[in-house]
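> Sharing a structure here in structure tokens format.
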Amino acid sequence: MIPKTIYTRPIWLDSDHQTLKVIDQRLLPHTVSVLNLKTADDVIMAIRDMVVRGAPLIGVTAAYGVYLSVMNSKTQDNPENYLKQECSRIKSSRPTAVNLVWAVDRMLERLSGIKTLLGRIEAARQEAEIITETEVENCRRIGIHGLSLLQRIADEKPGKPLQVLTHCNAGWLACVEHGTATAPIYAAFEAGMDIHVWVDETRPLNQGARLTAWELGQRGVSHTVITDNAGGHLMQHGLVDMVIVGSDRATRTGDIANKIGTYLKALAARDNNVPFYVALPSSTFDWNLTNGLLDIPIEVRNPDEVRYVQGLANNTLSRILISPEDSPAANYAFDVTPARLITGLITERGICRSDEADILRLFPEHSQSQ
Ligand code: MRU
């Protein structure tokens with residue numbers, strides 16, 4: 001039995017303002033451990049090795065990485081150049097989640113024109129805090145908009161639980177609080193709705209089985225872990241009322257990149273008339289892109305993540321080889337779900353169709369960018 005966690009956020013700045021604290025998500029759910037990050041190198045390692053992961057959290061971590069770099073620039077001969085270099089290194093720590101580049105650019109914009117070191121440190125800390133709290137508020141709003149949608153779908157099957165399927169982890173661990181895909185689920189649960197979540201295990205790193213299941217269990221939300229390939233079968237048998245996933249990058253035309261396997265869930269959902277929703281904050285839109293398949297960079301990670309699995313063996317966290325020792329493996333970390341397979345997007349400004357006109361109805365300030 002895993003004890004209740006005392007943590008409500010996966011990231012926070014220590015009271016000394018020198019150390020960024022993060023929950024080490026590589027070890028969950030079996031070990032809850034907090035890591036101290038003090039430099040851009042620490043932040044880059046944390047993002048690259050997935051100590052922290054999930055698009056909004058990657059953005060927030062990167063923002064604090066810029067803050068730490070500003071602080072560490074005080075010992076450098078050319079602090080401005082140093083900061084530029086550190087920012088470009090932070091930006092290239094993972095390629096797919098656009099929140100990373102968005103957050104670093106926003107930090108740099110806030111710092112431009114501020115000349116004194118003390119002024120720059122203070123502005124960087126404030127901006128990282130604003131980015132954090134804005135993401136929390138946006139996720140809260142996604143929960144409110146999503147709740148009315150879940151209520152509508154639940155009303156169509158009175159007396160029966162609402163069955164939601166999700167892929168990967170788009171919960172508070174991925175986002176600071178509430179989550180994106182999980183925000184409507186938590187809102188529904190708190191409103192007393194009878195809800196059950198099918199949790200895709202999400203190979204190779206099992207963010208569903210390890211992280212989403214842990215989050216839902218901690219809150220008391222009814223859930224069942226399934227293999228990645230079970231969703232289609234469940235849909236064929238009427239056991240899924242809707243799918244909600246998060247996203248790492250969305251085009252202005254409504255294509256979305258998310259954890260590998262999302263596309264197959266969307267195909268199965270379409271074939272079975274199951275509504276397929278994507279929950280995402282505005283920081284996940286790449287307003288310059290129009291074609292997800294051609295334009296969104298897909299991360300390819302170390303094949304050993306496919307060849308090995310990690311879990312508890314005799315009460316010790318262990319890594320076990322599952323494929324023949326000499327079989328090559330390939331590790332595509334994300335895929336793109338085309339807009340045509342998406343029933344709707346749940347954003348902080350409301351729910352829209354996954355097409356350019358309806359997205360821009362909610363975000364008219366981006367009508368000109370491209
Ligand atoms: O590789 P990860 O764990 O960073 O991938 C995370 C996902 O694919 C999430 O679904 C996505 O970032 C949305 S998080 C709200």
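Quick note on naming: the chains in the structure tokens go A, B, ... in the order shown, residues restart at 1 in each chain, and ligands are numbered from 1 in order of appearance.
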Which parts of segment 136-355 of chain A does DSSP call strand (DSSP E or B) when run on the backbone here, written out as a ChimeraX atom specification?
/A:162-166,195-200,222-226,242-245,249-251,256-259,276-279,285-286,300,308-313,316-321,332,334-337,344-347,350-352
> Would you mind listing what lies within 10 Å of Pro303 of chain A as number ranges by chain, with only C-alpha atoms counted and same-chain residues fewer than 2 positions away left out?
A: 204, 300-301, 305-308, 328-332
> Keeping only N, CA, C and O atoms, take the residues you just selected and write them out as a PDB file, in the first residue's frame.

ATOM      1  N   PRO A 204       7.161   3.260 -23.620  1.00  0.00           N
ATOM      2  CA  PRO A 204       8.063   2.430 -22.826  1.00  0.00           C
ATOM      3  C   PRO A 204       8.264   2.890 -21.377  1.00  0.00           C
ATOM      4  O   PRO A 204       8.670   2.074 -20.543  1.00  0.00           O
ATOM      5  N   VAL A 300      13.190  11.269 -30.652  1.00  0.00           N
ATOM      6  CA  VAL A 300      13.565   9.848 -30.695  1.00  0.00           C
ATOM      7  C   VAL A 300      14.538   9.628 -29.537  1.00  0.00           C
ATOM      8  O   VAL A 300      15.590  10.256 -29.475  1.00  0.00           O
ATOM      9  N   ARG A 301      14.155   8.777 -28.598  1.00  0.00           N
ATOM     10  CA  ARG A 301      14.951   8.614 -27.382  1.00  0.00           C
ATOM     11  C   ARG A 301      15.790   7.334 -27.434  1.00  0.00           C
ATOM     12  O   ARG A 301      15.707   6.546 -28.381  1.00  0.00           O
ATOM     13  N   GLU A 305      15.301   2.403 -23.507  1.00  0.00           N
ATOM     14  CA  GLU A 305      14.032   2.612 -22.789  1.00  0.00           C
ATOM     15  C   GLU A 305      12.982   1.595 -23.266  1.00  0.00           C
ATOM     16  O   GLU A 305      12.053   1.268 -22.534  1.00  0.00           O
ATOM     17  N   VAL A 306      13.129   1.128 -24.516  1.00  0.00           N
ATOM     18  CA  VAL A 306      12.210   0.116 -25.048  1.00  0.00           C
ATOM     19  C   VAL A 306      12.653  -1.286 -24.618  1.00  0.00           C
ATOM     20  O   VAL A 306      11.835  -2.139 -24.288  1.00  0.00           O
ATOM     21  N   ARG A 307      13.952  -1.488 -24.621  1.00  0.00           N
ATOM     22  CA  ARG A 307      14.493  -2.833 -24.357  1.00  0.00           C
ATOM     23  C   ARG A 307      14.354  -3.247 -22.886  1.00  0.00           C
ATOM     24  O   ARG A 307      14.293  -4.420 -22.562  1.00  0.00           O
ATOM     25  N   TYR A 308      14.316  -2.244 -22.004  1.00  0.00           N
ATOM     26  CA  TYR A 308      14.255  -2.541 -20.569  1.00  0.00           C
ATOM     27  C   TYR A 308      12.951  -2.018 -19.963  1.00  0.00           C
ATOM     28  O   TYR A 308      12.382  -1.050 -20.456  1.00  0.00           O
ATOM     29  N   PRO A 328      17.860  -4.918 -32.117  1.00  0.00           N
ATOM     30  CA  PRO A 328      17.792  -3.451 -32.090  1.00  0.00           C
ATOM     31  C   PRO A 328      16.382  -3.000 -31.723  1.00  0.00           C
ATOM     32  O   PRO A 328      15.410  -3.722 -31.950  1.00  0.00           O
ATOM     33  N   ALA A 329      16.266  -1.806 -31.164  1.00  0.00           N
ATOM     34  CA  ALA A 329      14.952  -1.239 -30.822  1.00  0.00           C
ATOM     35  C   ALA A 329      14.917   0.203 -31.306  1.00  0.00           C
ATOM     36  O   ALA A 329      15.957   0.823 -31.525  1.00  0.00           O
ATOM     37  N   ALA A 330      13.703   0.737 -31.499  1.00  0.00           N
ATOM     38  CA  ALA A 330      13.551   2.150 -31.883  1.00  0.00           C
ATOM     39  C   ALA A 330      12.563   2.784 -30.925  1.00  0.00           C
ATOM     40  O   ALA A 330      11.564   2.159 -30.559  1.00  0.00           O
ATOM     41  N   ASN A 331      12.853   4.022 -30.541  1.00  0.00           N
ATOM     42  CA  ASN A 331      12.067   4.648 -29.471  1.00  0.00           C
ATOM     43  C   ASN A 331      11.526   6.007 -29.902  1.00  0.00           C
ATOM     44  O   ASN A 331      12.066   7.049 -29.537  1.00  0.00           O
ATOM     45  N   TYR A 332      10.453   5.991 -30.706  1.00  0.00           N
ATOM     46  CA  TYR A 332       9.777   7.235 -31.090  1.00  0.00           C
ATOM     47  C   TYR A 332       8.900   7.648 -29.917  1.00  0.00           C
ATOM     48  O   TYR A 332       8.018   6.903 -29.504  1.00  0.00           O
TER      49      TYR A 332
END
> Give the residues close to ligand 1, within 9 Å, counting only C-alpha atoms and all ligand atoms; write them as number ranges by chain.
A: 47, 50, 52-58, 94, 96-97, 139, 166-175, 179-182, 205-207, 245-249, 257-260, 262, 279-281, 284, 299, 333-334
> Just write the chosen residues, C-alpha atoms, as a CSV table (one decimal), in the first residue's frame.

chain,number,residue,atom,x,y,z
A,47,ILE,CA,14.3,17.8,-18.4
A,50,MET,CA,12.7,13.1,-17.4
A,52,VAL,CA,10.4,16.3,-14.7
A,53,ARG,CA,8.3,15.7,-17.8
A,54,GLY,CA,4.9,16.7,-19.3
A,55,ALA,CA,4.7,19.9,-21.5
A,56,PRO,CA,3.6,22.5,-19.0
A,57,LEU,CA,6.0,21.3,-16.3
A,58,ILE,CA,8.9,21.3,-18.8
A,94,ARG,CA,13.9,18.2,-25.4
A,96,THR,CA,8.7,18.2,-28.9
A,97,ALA,CA,7.0,20.1,-26.1
A,139,CYS,CA,-5.4,24.1,-15.9
A,166,THR,CA,-6.5,8.5,-21.0
A,167,HIS,CA,-3.0,8.0,-22.4
A,168,CYS,CA,0.3,8.9,-20.7
A,169,ASN,CA,0.3,11.3,-17.8
A,170,ALA,CA,-1.3,14.7,-18.3
A,171,GLY,CA,-2.0,15.2,-14.6
A,172,TRP,CA,-0.7,17.5,-11.9
A,173,LEU,CA,2.7,15.8,-12.1
A,174,ALA,CA,2.9,17.0,-15.8
A,175,CYS,CA,1.5,20.4,-15.1
A,179,GLY,CA,-3.3,18.6,-14.9
A,180,THR,CA,-4.8,19.1,-18.4
A,181,ALA,CA,-6.5,15.8,-19.3
A,182,THR,CA,-7.0,15.0,-15.6
A,205,LEU,CA,8.3,4.6,-19.7
A,206,ASN,CA,4.9,3.7,-18.3
A,207,GLN,CA,3.8,7.2,-17.4
A,245,VAL,CA,-5.5,13.2,-23.6
A,246,GLY,CA,-3.0,16.1,-23.2
A,247,SER,CA,-0.6,17.5,-25.8
A,248,ASP,CA,3.0,18.5,-26.2
A,249,ARG,CA,2.5,20.8,-29.2
A,257,ALA,CA,1.5,15.8,-30.9
A,258,ASN,CA,1.3,13.7,-27.8
A,259,LYS,CA,2.9,10.6,-26.3
A,260,ILE,CA,3.4,7.8,-28.8
A,262,THR,CA,-2.2,8.6,-29.0
A,279,ALA,CA,-7.0,19.2,-23.2
A,280,LEU,CA,-4.3,21.8,-23.5
A,281,PRO,CA,-3.3,25.3,-22.2
A,284,THR,CA,1.1,24.3,-25.9
A,299,GLU,CA,11.7,13.1,-30.2
A,333,ALA,CA,8.5,9.2,-28.1
A,334,PHE,CA,5.5,11.1,-29.7
> Which neighbours of Arg361 of chain A fall inside 12 Å, counting only C-alpha atoms, when residues of the same chain fewer than 4 positions from it are skipped, and could you give them as a list of chain:residue names?
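Returned residues: A:Arg252, A:Arg349, A:Gly350, A:Ile351, A:Cys352, A:Arg353, A:Ser354, A:Asp355, A:Glu356, A:Ala357, A:Glu365, A:His366, A:Ser367.
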> I want to know what sits within 10 Å of Val66 of chain A, based on only C-alpha atoms, with residues of the same chain fewer than 6 positions away left out; could you give that as a PDB file with N, CA and C atoms, in the first residue's frame?

ATOM      1  N   THR A  39      21.628  24.748 -11.058  1.00  0.00           N
ATOM      2  CA  THR A  39      22.277  25.344 -12.237  1.00  0.00           C
ATOM      3  C   THR A  39      21.500  24.978 -13.499  1.00  0.00           C
ATOM      4  N   ALA A  40      21.867  25.652 -14.601  1.00  0.00           N
ATOM      5  CA  ALA A  40      21.256  25.289 -15.889  1.00  0.00           C
ATOM      6  C   ALA A  40      21.567  23.828 -16.223  1.00  0.00           C
ATOM      7  N   VAL A  43      19.120  21.655 -14.533  1.00  0.00           N
ATOM      8  CA  VAL A  43      17.793  21.762 -15.148  1.00  0.00           C
ATOM      9  C   VAL A  43      17.760  20.991 -16.466  1.00  0.00           C
ATOM     10  N   ASN A  72      23.434  32.685 -11.603  1.00  0.00           N
ATOM     11  CA  ASN A  72      24.809  32.182 -11.772  1.00  0.00           C
ATOM     12  C   ASN A  72      25.635  33.041 -12.722  1.00  0.00           C
ATOM     13  N   LEU A  83      24.155  34.146 -20.343  1.00  0.00           N
ATOM     14  CA  LEU A  83      22.722  33.842 -20.254  1.00  0.00           C
ATOM     15  C   LEU A  83      22.181  33.349 -21.602  1.00  0.00           C
ATOM     16  N   LYS A  84      22.604  34.028 -22.665  1.00  0.00           N
ATOM     17  CA  LYS A  84      22.150  33.606 -24.007  1.00  0.00           C
ATOM     18  C   LYS A  84      22.504  32.137 -24.261  1.00  0.00           C
ATOM     19  N   GLU A  86      23.240  29.748 -22.052  1.00  0.00           N
ATOM     20  CA  GLU A  86      22.520  28.815 -21.181  1.00  0.00           C
ATOM     21  C   GLU A  86      21.086  28.629 -21.674  1.00  0.00           C
ATOM     22  N   CYS A  87      20.476  29.748 -22.125  1.00  0.00           N
ATOM     23  CA  CYS A  87      19.081  29.663 -22.600  1.00  0.00           C
ATOM     24  C   CYS A  87      19.005  28.780 -23.836  1.00  0.00           C
ATOM     25  N   ILE A  90      19.254  25.225 -22.687  1.00  0.00           N
ATOM     26  CA  ILE A  90      18.004  24.770 -22.029  1.00  0.00           C
ATOM     27  C   ILE A  90      16.958  24.455 -23.100  1.00  0.00           C
ATOM     28  N   ALA A 103       8.523  29.179 -22.887  1.00  0.00           N
ATOM     29  CA  ALA A 103       8.828  29.701 -21.539  1.00  0.00           C
ATOM     30  C   ALA A 103      10.172  30.440 -21.526  1.00  0.00           C
ATOM     31  N   VAL A 104      11.191  29.876 -22.198  1.00  0.00           N
ATOM     32  CA  VAL A 104      12.511  30.522 -22.203  1.00  0.00           C
ATOM     33  C   VAL A 104      12.419  31.873 -22.924  1.00  0.00           C
ATOM     34  N   ASP A 105      11.733  31.902 -24.070  1.00  0.00           N
ATOM     35  CA  ASP A 105      11.599  33.164 -24.810  1.00  0.00           C
ATOM     36  C   ASP A 105      10.857  34.210 -23.987  1.00  0.00           C
ATOM     37  N   MET A 107      10.801  34.441 -20.744  1.00  0.00           N
ATOM     38  CA  MET A 107      11.730  34.910 -19.700  1.00  0.00           C
ATOM     39  C   MET A 107      12.694  35.941 -20.286  1.00  0.00           C
ATOM     40  N   LEU A 108      13.241  35.651 -21.472  1.00  0.00           N
ATOM     41  CA  LEU A 108      14.217  36.562 -22.092  1.00  0.00           C
ATOM     42  C   LEU A 108      13.570  37.898 -22.434  1.00  0.00           C
ATOM     43  N   ILE A 121      17.708  39.518 -11.565  1.00  0.00           N
ATOM     44  CA  ILE A 121      17.384  38.358 -10.714  1.00  0.00           C
ATOM     45  C   ILE A 121      15.934  38.449 -10.253  1.00  0.00           C
ATOM     46  N   ALA A 124      13.492  37.889 -13.113  1.00  0.00           N
ATOM     47  CA  ALA A 124      13.453  36.481 -13.560  1.00  0.00           C
ATOM     48  C   ALA A 124      12.653  35.638 -12.576  1.00  0.00           C
ATOM     49  N   ARG A 125      12.865  35.886 -11.282  1.00  0.00           N
ATOM     50  CA  ARG A 125      12.112  35.099 -10.285  1.00  0.00           C
ATOM     51  C   ARG A 125      10.613  35.378 -10.408  1.00  0.00           C
ATOM     52  N   ALA A 128       9.144  33.728 -13.607  1.00  0.00           N
ATOM     53  CA  ALA A 128       8.998  32.268 -13.480  1.00  0.00           C
ATOM     54  C   ALA A 128       7.783  31.953 -12.594  1.00  0.00           C
TER      55      ALA A 128
END
> Once DSSP has gone over the backbone, tell me which residues of segment 133-328 of chain A are in alpha helix (DSSP H), as a PyMOL selection string.
chain A and resi 133-155+172-175+182-190+213-219+231-236+262-271+292-295+304-307
> Using only C-alpha atoms, which of the listed residues (A:Gln218, A:Asn81, A:Asn229, A:Ser88) sits closest to Lys265 of chain A?
A:Asn229
> Nearest to Thr132 of chain A among A:Lys21, A:Arg203, A:Arg9, A:Arg110, with distances taken over only C-alpha atoms: which residue is it?
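The closest residue to Thr132 of chain A is A:Arg9.
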> Atom CA of His223 of chain A and atom CA of Val51 of chain A, how far apart in Å?
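Going from atom CA of Val51 of chain A over to atom CA of His223 of chain A, I get 24.6 Å.
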> I'd like the neighbourhood of segment 197-202 of chain A as an mmCIF file with N, CA, C and O atoms, in the first residue's frame, where a residue qualifies if any of its atoms comes within 6 Å (using only C-alpha atoms), though same-chain residues fewer than 6 positions away should be ignored.

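Result file around-v9.cif:
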data_model
loop_
_atom_site.group_PDB
_atom_site.id
_atom_site.type_symbol
_atom_site.label_atom_id
_atom_site.label_comp_id
_atom_site.auth_asym_id
_atom_site.auth_seq_id
_atom_site.Cartn_x
_atom_site.Cartn_y
_atom_site.Cartn_z
ATOM 1 N N GLN A 163 -17.176 6.467 -18.266
ATOM 2 C CA GLN A 163 -15.908 5.745 -18.510
ATOM 3 C C GLN A 163 -15.019 6.584 -19.407
ATOM 4 O O GLN A 163 -15.325 6.789 -20.582
ATOM 5 N N VAL A 164 -13.898 7.057 -18.838
ATOM 6 C CA VAL A 164 -12.965 7.912 -19.586
ATOM 7 C C VAL A 164 -11.666 7.146 -19.798
ATOM 8 O O VAL A 164 -11.167 6.507 -18.867
ATOM 9 N N LEU A 165 -11.136 7.224 -21.015
ATOM 10 C CA LEU A 165 -9.816 6.600 -21.255
ATOM 11 C C LEU A 165 -8.789 7.709 -21.443
ATOM 12 O O LEU A 165 -9.047 8.717 -22.113
ATOM 13 N N THR A 166 -7.612 7.550 -20.818
ATOM 14 C CA THR A 166 -6.541 8.528 -21.022
ATOM 15 C C THR A 166 -5.224 7.815 -21.313
ATOM 16 O O THR A 166 -5.049 6.635 -20.981
ATOM 17 N N HIS A 167 -4.320 8.554 -21.932
ATOM 18 C CA HIS A 167 -3.025 7.986 -22.354
ATOM 19 C C HIS A 167 -1.917 8.832 -21.756
ATOM 20 O O HIS A 167 -2.026 10.058 -21.691
ATOM 21 N N CYS A 168 -0.852 8.193 -21.316
ATOM 22 C CA CYS A 168 0.305 8.871 -20.719
ATOM 23 C C CYS A 168 -0.100 9.531 -19.402
ATOM 24 O O CYS A 168 -1.068 9.105 -18.753
ATOM 25 N N GLY A 208 1.587 6.199 -17.708
ATOM 26 C CA GLY A 208 0.208 5.915 -17.280
ATOM 27 C C GLY A 208 0.201 5.017 -16.055
ATOM 28 O O GLY A 208 -0.354 5.352 -15.010
ATOM 29 N N ALA A 209 0.845 3.850 -16.206
ATOM 30 C CA ALA A 209 0.834 2.850 -15.118
ATOM 31 C C ALA A 209 1.526 3.385 -13.862
ATOM 32 O O ALA A 209 1.115 3.086 -12.739
ATOM 33 N N HIS A 223 -10.059 3.803 -10.994
ATOM 34 C CA HIS A 223 -9.301 3.667 -12.244
ATOM 35 C C HIS A 223 -8.821 2.232 -12.415
ATOM 36 O O HIS A 223 -8.740 1.484 -11.443
ATOM 37 N N THR A 224 -8.479 1.886 -13.664
ATOM 38 C CA THR A 224 -7.936 0.564 -13.975
ATOM 39 C C THR A 224 -6.810 0.751 -14.978
ATOM 40 O O THR A 224 -7.005 1.418 -16.004
ATOM 41 N N VAL A 225 -5.660 0.172 -14.698
ATOM 42 C CA VAL A 225 -4.540 0.219 -15.643
ATOM 43 C C VAL A 225 -4.758 -0.854 -16.704
ATOM 44 O O VAL A 225 -5.105 -1.990 -16.386
ATOM 45 N N ILE A 226 -4.585 -0.447 -17.979
ATOM 46 C CA ILE A 226 -4.737 -1.415 -19.079
ATOM 47 C C ILE A 226 -3.486 -1.372 -19.957
ATOM 48 O O ILE A 226 -2.740 -0.394 -19.928
ATOM 49 N N THR A 227 -3.286 -2.417 -20.750
ATOM 50 C CA THR A 227 -2.163 -2.388 -21.693
ATOM 51 C C THR A 227 -2.480 -1.358 -22.774
ATOM 52 O O THR A 227 -3.644 -1.020 -23.017
ATOM 53 N N ASP A 228 -1.441 -0.889 -23.434
ATOM 54 C CA ASP A 228 -1.645 0.140 -24.457
ATOM 55 C C ASP A 228 -2.569 -0.315 -25.576
ATOM 56 O O ASP A 228 -3.183 0.498 -26.239
#
> Have a look at A:Ala46, A:Leu211, A:Ile244, A:Ala266 and name the one nearest to Ile346 of chain A; count only C-alpha atoms.
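Answer, going by the shortest atom-to-atom distance: A:Ile244.
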> Which residues are close to Ile23 of chain A, i.e. within 8 Å by only C-alpha atoms, leaving aside same-chain residues fewer than 2 positions away? Reply as a PyMOL selection string.
chain A and resi 10-11+21+25+32-35+51-52
> Let's have the selection written as a compact mmCIF listing (two decimals), in the first residue's frame, with N, CA and C atoms.

# COMPACT_ATOMS: atom_id res chain seq x y z
N PRO A 10 4.74 19.26 -8.22
CA PRO A 10 5.98 18.54 -8.52
C PRO A 10 7.20 19.46 -8.56
N ILE A 11 6.99 20.77 -8.34
CA ILE A 11 8.09 21.73 -8.46
C ILE A 11 7.82 22.93 -7.55
N LYS A 21 13.34 22.86 -6.32
CA LYS A 21 13.05 21.50 -5.82
C LYS A 21 12.07 20.82 -6.78
N GLN A 25 10.43 12.16 -10.95
CA GLN A 25 9.35 11.32 -11.49
C GLN A 25 9.85 9.99 -12.04
N VAL A 32 9.15 8.29 -3.44
CA VAL A 32 8.88 9.72 -3.61
C VAL A 32 10.10 10.47 -3.09
N SER A 33 10.84 11.04 -4.04
CA SER A 33 12.11 11.64 -3.67
C SER A 33 12.23 13.02 -4.33
N VAL A 34 12.81 13.97 -3.60
CA VAL A 34 12.90 15.34 -4.11
C VAL A 34 14.36 15.63 -4.47
N LEU A 35 14.55 16.23 -5.65
CA LEU A 35 15.90 16.53 -6.14
C LEU A 35 16.12 18.04 -6.10
N VAL A 51 13.36 13.56 -15.17
CA VAL A 51 13.07 13.77 -13.74
C VAL A 51 11.76 14.55 -13.67
N VAL A 52 11.68 15.58 -14.52
CA VAL A 52 10.42 16.31 -14.75
C VAL A 52 10.01 16.04 -16.19
